[in-house]
Each structure stands twice: as C-alpha cells, then as structure tokens.
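Take a look at the structure set out below.
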Amino acid sequence: MATQSQIDANRRNAQKSTGPVTVTGRNISRLNALKTGIHAKSTVIPGESAEELDELIADYHRQYRPATPEQRFLVDTMVNAEWMLRRYRNIEARLWEFAFQDPESSGATESFLRHQRDFAFVHRKIAFLERSFYNALKELKAAQATAQPFTEIEDEDLLIAAASFCPPAPDRAAPPAPIMSPTLENPALRL
C-alpha cells in the first residue's frame with residue numbers, strides 16, 4: 001500500500017506529464033497508435049484523401065452493382081487492392097527519390113542495387129495486390145454470370161419459363177397410366 005507522501009508525489013509528477021504541447025508534437029503523437037490491416041479504424045493514412053477513397057468505392061459499386069454479400073466482398077476486395085496499389089506505387093516513387101539522394105550512388109542502376117531489398121519488397125507487394133485484384137474480378141464476374149437479375153427478364157419470358165416447368169395437361173380421352181408395383185418375388189419387398 002502506498003503511503004500518503006507517495007500518493008502526493010505521484011499527483012505532483014502527474015501534473016508535469018501533460019503530453020505534447022506544440023502542434024508538431026501533437027501531430028506526431030496522434031500517430032502513435034496507428035494500426036493497419038484488420039485493426040485499422042481507417043484505410044486512409046496521412047497524405048491520402050478520404051474523399052478520393054469514397055469516390056473510388058462509389059465508382060466500383062456503381063460499375064459492378066454487387067447484389068449479394070459475396071459480391072460486395074469481392075468488390076470491396078478490388079477497391080482495397082486498387083487503393084493499396086496506389087499507395088505502393090507512391091511508395092516506389094518515393095523510394096526512387098530516396099535512392100537518388102544517396103551520396104554514394106552515381107546513377108539509377110547503382111541506386112537500385114544499393115536499395116534492392118527495399119525495391120524487391122515493394123514489388124512483391126504490388127504483384128500480390130495485382131493478383132488479389134484480378135482474382136476478385138474473375139470471381140465477381142463468375143458470380144454475376146450465374147446470378148441473372150430478375151429485372152432483365154421480360155414478362156413474356158417469365159410466362160414461357162413458367163410454362164416449361166409445368167407438366168403437360170392430361171389427355172382426358174386416354175386411359176390412366178398403370179401404376180407400377182414391385183414384384184413380390186423378393187421377400188424383403190413383401191409387407
């Protein structure tokens with residue numbers, strides 16, 4: 001158990017710890033808990049536009065019109081892949097800028113070789129996101145091809161389709177079809 005003098009000292013010290021005071025310090029500290037991936041509260045990071053992401057989402061939903069949760073997931077996967085592709089292509093451009101600022105590098109080839117691991121990482125991410133996009137697009141097209149919306153079917157088409165599922169009307173003049181009964185030679189079939 002803490003003594004009263006320890007509690008008082010703790011309170012005095014707490015008054016000194018108020019966090020960052022300047023605007024720059026606050027801007028830096030607000031990113032301390034930035035999370036990515038599934039734990040992120042936002043897909044947009046500093047330097048990106050939330051309005052641009054919203055426009056991208058609206059464009060994809062307008063173009064592909066997902067009708068089921070599965071189709072919405074596939075469209076969202078495509079949006080996420082494109083958004084991340086934009087981010088990694090921007091990172092690649094910034095990496096080139098950084099590589100050219102290296103005083104020990106004299107040209108593009110030497111800059112690339114000095115930062116080869118960084119470029120390889122970015123290129124792997126870009127390749128993964130491109131595959132993810134095209135796989136989702138392929139699955140979305142397949143899902144939409146199998147599910148034909150009812151709005152595209154004309155009323156006459158519905159009547160023809162419904163008629164094809166109805167059994168033909170029985171001919172009243174024809175004798176009824178005989179009822180088939182199993183042969184009773186098999187003792188398992190006898191009651």
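Every chain in the structure tokens has a letter given in the order shown (A, B, ...), and although residue numbers restart at 1 in each chain, ligands are simply numbered from 1 in the order shown.
Residues in contact with Leu129 of chain A at 10 Å, where only C-alpha atoms are counted and same-chain residues fewer than 2 positions away are skipped, are listed as A:Thr77, A:Met78, A:Asn80, A:Ala81, A:Glu82, A:Trp83, A:Met84, A:Leu85, A:Tyr88, A:His123, A:Arg124, A:Lys125, A:Ile126, A:Ala127, A:Arg131, A:Ser132, A:Phe133, A:Tyr134, A:Asn135.
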Write the residues of the preceding selection, restricted to C-alpha atoms, as a short mmCIF file (atom, residue, chain, number, x, y, z; two decimals), in the first residue's frame.
```
data_model
loop_
_atom_site.label_atom_id
_atom_site.label_comp_id
_atom_site.auth_asym_id
_atom_site.auth_seq_id
_atom_site.Cartn_x
_atom_site.Cartn_y
_atom_site.Cartn_z
CA THR A 77 -11.52 -6.58 -52.18
CA MET A 78 -10.98 -4.97 -55.58
CA ASN A 80 -8.86 -2.30 -51.32
CA ALA A 81 -6.39 -3.81 -53.79
CA GLU A 82 -6.52 -0.75 -56.03
CA TRP A 83 -6.20 1.64 -53.08
CA MET A 84 -3.18 -0.26 -51.77
CA LEU A 85 -1.69 -0.44 -55.29
CA TYR A 88 2.66 1.14 -53.01
CA HIS A 123 7.44 -5.07 -55.99
CA ARG A 124 6.30 -8.21 -54.15
CA LYS A 125 3.52 -6.20 -52.51
CA ILE A 126 2.48 -4.73 -55.85
CA ALA A 127 2.44 -8.16 -57.51
CA ARG A 131 -3.14 -10.87 -58.24
CA SER A 132 -5.65 -10.16 -55.50
CA PHE A 133 -7.45 -7.63 -57.70
CA TYR A 134 -7.64 -9.88 -60.75
CA ASN A 135 -8.69 -12.94 -58.71
#
```
Report task. Using only C-alpha atoms, determine which residues lie at most 10 Å from Pro66 of chain A, disregarding the query and same-chain residues fewer than 5 positions distant; provide the list as a list in words. Result -> Tyr60, His61, Gln71, Arg72, Phe73, Leu74, Val75, Asp76, Leu140, Ala143 and Gln144 of chain A
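In this comparison, which uses only C-alpha atoms, the residue of A:Arg12, A:Val44, A:Glu51, A:Trp96 approaching Glu110 of chain A most closely is A:Trp96.
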In Å and to one decimal, atom CA of Leu95 of chain A is distant from atom CA of Phe128 of chain A by 18.8 Å
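Of note, atom CA of Phe98 of chain A and atom CA of Phe112 of chain A are spaced 10.5 Å apart.
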Exercise for review: From a DSSP calculation on the backbone, collect every residue of segment 15-131 of chain A in helix (DSSP H, G or I) and output the set as a ChimeraX atom specification.
Suggested key: /A:15-16,23-29,37-39,50-64,69-100,108-114,116-131
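Every protein or nucleic acid residue with an atom no more than 12 Å from Leu113 of chain A, counting only C-alpha atoms and leaving out same-chain residues fewer than 5 positions away, appears here: A:Trp96, A:Ala99, A:Phe100, A:Asp102, A:Glu104, A:Ser105, A:Ser106, A:Gly107, A:Ala108, A:Asp118, A:Phe119, A:Ala120.
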Taken to one decimal, the atom CA of Ala136 of chain A-atom CA of Arg89 of chain A distance is 20.2 Å
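Of the listed residues (A:Val23, A:Val79, A:Glu97, A:Arg87), A:Arg87 comes nearest to Ser49 of chain A; the distances count only C-alpha atoms.
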